Amino acid sequence: RGGRKEPRKKIPRYRNLCPKPEAFCSQRSTMGVGQCKPAKGFVKCEPTLMKKNVEEHRDEHVIKHGTSTVDPRAKRAIRKHFPGAHRADIVLRTTRAVFKKYGFNEDNTLFASSTCPDEINCVIDDFSLIWGEHFSLGGLAGLPFTGKTGFTAFSHHVPEKDGRLLIFFAPHIGVASDGKTGKVHRLGIKKVTSACGSCIAAQNTALSSKRCKPCDDYDGPIGDYQQSVVTEIVSDFIQENQSRLAKVEGDMNVKVTENLYERIKEEILKIIPDDFKKPIGLIGGILINTDYGNRQHDYILIKDLLIRKKNKKFVSLETELENALDEPRFSRLVYHDAA
């Protein structure tokens, strides 16, 4: 107290250091790019080269391990093409809250999905964490290829006491970091890939006015049956709406995905028998994948939330979902996601 204060030490600024390809500056968090302390594996280099090496290392890390954020360009694209979409974890929590009011819980509910078997659709695993065991109804592009036989098998597994069925159905579409739809980066792969690959392949076939060669090559009763069905659905839609699709503002990948959703919904309603007496809940939407298997930042656009009790008609729960999103415990999540 009252003594002479020692002058504050200046932090040296090492601007001419950059990491070797196999090294990375672990001490740059408070100093910024280009201000790393000398360390093993660092060499003198030009600032532009240093920045390039740091970015390349960061890209390699993301490709291998993923990222905890979504690029703002991807967020803007999702808001533009899928207004009303929310992060998958928000959708899981709010839909659970809605169906819980109608007596659905992990003990009496058997969960099924009709989604594309693409490995990036791992949000289905999160549904299973909430609702328990999972029955798969879907095939390529999310169409319920198991049909009436699949639903019959599924319905016979429902718990006897107060049993209920819950089905999530959705096509999926990728939105890459640059905001382009129908594309997504996957873990371990540098190049961008298609999502949904089946849908994009069918779309390319329809636009080229060519036949789907794998669909034509008969290779037994299974062969490439599922892709031939997807190609037929997408081709019919594009041929009927090609002039409108060329003029309308928007993205063809998005329009084709929206049409696939309507077809999936139609097929789901067909395979559910009218005389099935157990309560059934339906969660229908579009699953939006983001880069590098970032499941906590995938999005879902809910298009239908329906319930049917004792073989009556399906009733919409849209109002209940909106009310759930307005609850403080969920509205905070929605607010931060929109920021």
# chains A, B, ... in the order shown; residues from 1 in each chain; ligands from 1
>>> select_by_dssp(residues="region 127-176 of chain A", states="alpha helix (DSSP H)", output="compact mmCIF listing (two decimals) with N, CA, C and O atoms, in the first residue's frame")
# COMPACT_ATOMS: atom_id res chain seq x y z
N PHE A 127 -35.28 -39.20 -30.75
CA PHE A 127 -36.69 -39.54 -30.52
C PHE A 127 -36.79 -40.81 -29.68
O PHE A 127 -37.61 -40.91 -28.76
N SER A 128 -35.93 -41.78 -29.99
CA SER A 128 -35.95 -43.05 -29.25
C SER A 128 -35.55 -42.88 -27.79
O SER A 128 -36.04 -43.59 -26.92
N LEU A 129 -34.67 -41.92 -27.52
CA LEU A 129 -34.29 -41.65 -26.13
C LEU A 129 -35.48 -41.17 -25.31
O LEU A 129 -35.57 -41.41 -24.11
N ILE A 130 -36.42 -40.51 -25.99
CA ILE A 130 -37.61 -40.00 -25.30
C ILE A 130 -38.70 -41.06 -25.22
O ILE A 130 -39.30 -41.30 -24.17
N TRP A 131 -38.96 -41.73 -26.38
CA TRP A 131 -40.14 -42.59 -26.48
C TRP A 131 -39.82 -44.08 -26.36
O TRP A 131 -40.73 -44.90 -26.31
N GLY A 147 -45.16 -50.57 -45.92
CA GLY A 147 -46.56 -50.68 -46.29
C GLY A 147 -47.49 -51.14 -45.17
O GLY A 147 -47.18 -51.01 -43.98
N LYS A 148 -48.61 -51.71 -45.57
CA LYS A 148 -49.62 -52.15 -44.60
C LYS A 148 -49.11 -53.30 -43.74
O LYS A 148 -49.44 -53.40 -42.56
N THR A 149 -48.28 -54.16 -44.33
CA THR A 149 -47.72 -55.27 -43.56
C THR A 149 -46.83 -54.75 -42.44
O THR A 149 -46.88 -55.23 -41.30
N GLY A 150 -46.02 -53.76 -42.77
CA GLY A 150 -45.15 -53.15 -41.76
C GLY A 150 -45.95 -52.51 -40.64
O GLY A 150 -45.63 -52.67 -39.46
N PHE A 151 -47.00 -51.77 -41.01
CA PHE A 151 -47.81 -51.13 -39.97
C PHE A 151 -48.53 -52.17 -39.12
O PHE A 151 -48.65 -52.01 -37.89
N THR A 152 -49.02 -53.24 -39.74
CA THR A 152 -49.70 -54.29 -38.98
C THR A 152 -48.77 -54.91 -37.95
O THR A 152 -49.14 -55.11 -36.78
N ALA A 153 -47.53 -55.20 -38.37
CA ALA A 153 -46.55 -55.76 -37.44
C ALA A 153 -46.27 -54.78 -36.31
O ALA A 153 -46.22 -55.15 -35.12
N PHE A 154 -46.10 -53.52 -36.67
CA PHE A 154 -45.84 -52.46 -35.69
C PHE A 154 -46.98 -52.34 -34.69
O PHE A 154 -46.77 -52.29 -33.47
N SER A 155 -48.22 -52.33 -35.18
CA SER A 155 -49.38 -52.15 -34.31
C SER A 155 -49.60 -53.32 -33.37
O SER A 155 -50.18 -53.16 -32.29
>>> residues_around(residues="Gln242 (chain A)", least_positions_apart="6", cutoff="10 Å", atoms="only C-alpha atoms", output="PyMOL selection string")
chain A and resi 207+235-236+248+252
>>> write_last_selection(atoms="N, CA and C atoms", output="tab-separated table (two decimals), in the first residue's frame")
chain	number	residue	atom	x	y	z
A	207	LEU	N	-34.87	-34.17	-64.75
A	207	LEU	CA	-34.46	-32.98	-65.49
A	207	LEU	C	-33.67	-33.31	-66.75
A	235	SER	N	-40.31	-37.41	-60.86
A	235	SER	CA	-40.44	-37.10	-62.29
A	235	SER	C	-41.85	-36.60	-62.61
A	236	ASP	N	-42.86	-37.25	-62.07
A	236	ASP	CA	-44.24	-36.82	-62.31
A	236	ASP	C	-44.46	-35.40	-61.81
A	248	VAL	N	-41.34	-19.72	-60.57
A	248	VAL	CA	-41.60	-19.40	-59.18
A	248	VAL	C	-40.30	-19.07	-58.44
A	252	MET	N	-35.76	-25.36	-56.32
A	252	MET	CA	-36.42	-26.58	-56.79
A	252	MET	C	-36.22	-27.72	-55.81
>>> residues_around(residues="Ile300 (chain A)", least_positions_apart="3", cutoff="12 Å", atoms="only C-alpha atoms", output="ChimeraX atom specification")
/A:78-79,82-92,94-95,121,123-124,168-174,283-290,295-297,303-304
>>> write_last_selection(atoms="C-alpha atoms", output="short mmCIF file (atom, residue, chain, number, x, y, z; two decimals), in the first residue's frame")
data_model
loop_
_atom_site.label_atom_id
_atom_site.label_comp_id
_atom_site.auth_asym_id
_atom_site.auth_seq_id
_atom_site.Cartn_x
_atom_site.Cartn_y
_atom_site.Cartn_z
CA ILE A 78 -33.30 -22.32 -43.38
CA ARG A 79 -35.29 -19.25 -42.32
CA PHE A 82 -38.46 -23.28 -44.16
CA PRO A 83 -40.06 -20.49 -42.10
CA GLY A 84 -41.26 -21.87 -38.80
CA ALA A 85 -38.56 -24.55 -38.57
CA HIS A 86 -36.99 -25.06 -35.16
CA ARG A 87 -33.91 -26.85 -33.91
CA ALA A 88 -34.58 -30.57 -33.57
CA ASP A 89 -34.11 -30.64 -29.80
CA ILE A 90 -36.79 -27.93 -29.42
CA VAL A 91 -39.20 -29.92 -31.59
CA LEU A 92 -38.55 -33.09 -29.59
CA THR A 94 -42.36 -29.45 -27.38
CA THR A 95 -44.01 -32.37 -29.18
CA ASN A 121 -30.79 -38.70 -39.86
CA VAL A 123 -32.17 -37.35 -34.81
CA ILE A 124 -34.33 -40.51 -34.84
CA PHE A 168 -42.70 -39.43 -36.99
CA PHE A 169 -42.52 -39.11 -40.78
CA ALA A 170 -40.43 -36.75 -42.86
CA PRO A 171 -38.32 -36.43 -45.99
CA HIS A 172 -34.96 -34.78 -45.40
CA ILE A 173 -32.90 -32.12 -47.13
CA GLY A 174 -29.41 -30.82 -46.49
CA ILE A 283 -45.63 -35.94 -36.17
CA GLY A 284 -45.12 -34.92 -39.81
CA GLY A 285 -42.51 -32.53 -41.09
CA ILE A 286 -39.33 -31.90 -43.04
CA LEU A 287 -35.99 -32.84 -41.51
CA ILE A 288 -33.24 -30.34 -42.33
CA ASN A 289 -29.66 -31.58 -42.00
CA THR A 290 -26.73 -29.24 -41.35
CA ARG A 295 -27.34 -33.50 -34.90
CA GLN A 296 -27.87 -30.95 -32.12
CA HIS A 297 -28.24 -28.28 -34.81
CA LYS A 303 -46.16 -29.42 -40.98
CA ASP A 304 -48.69 -31.66 -39.22
#
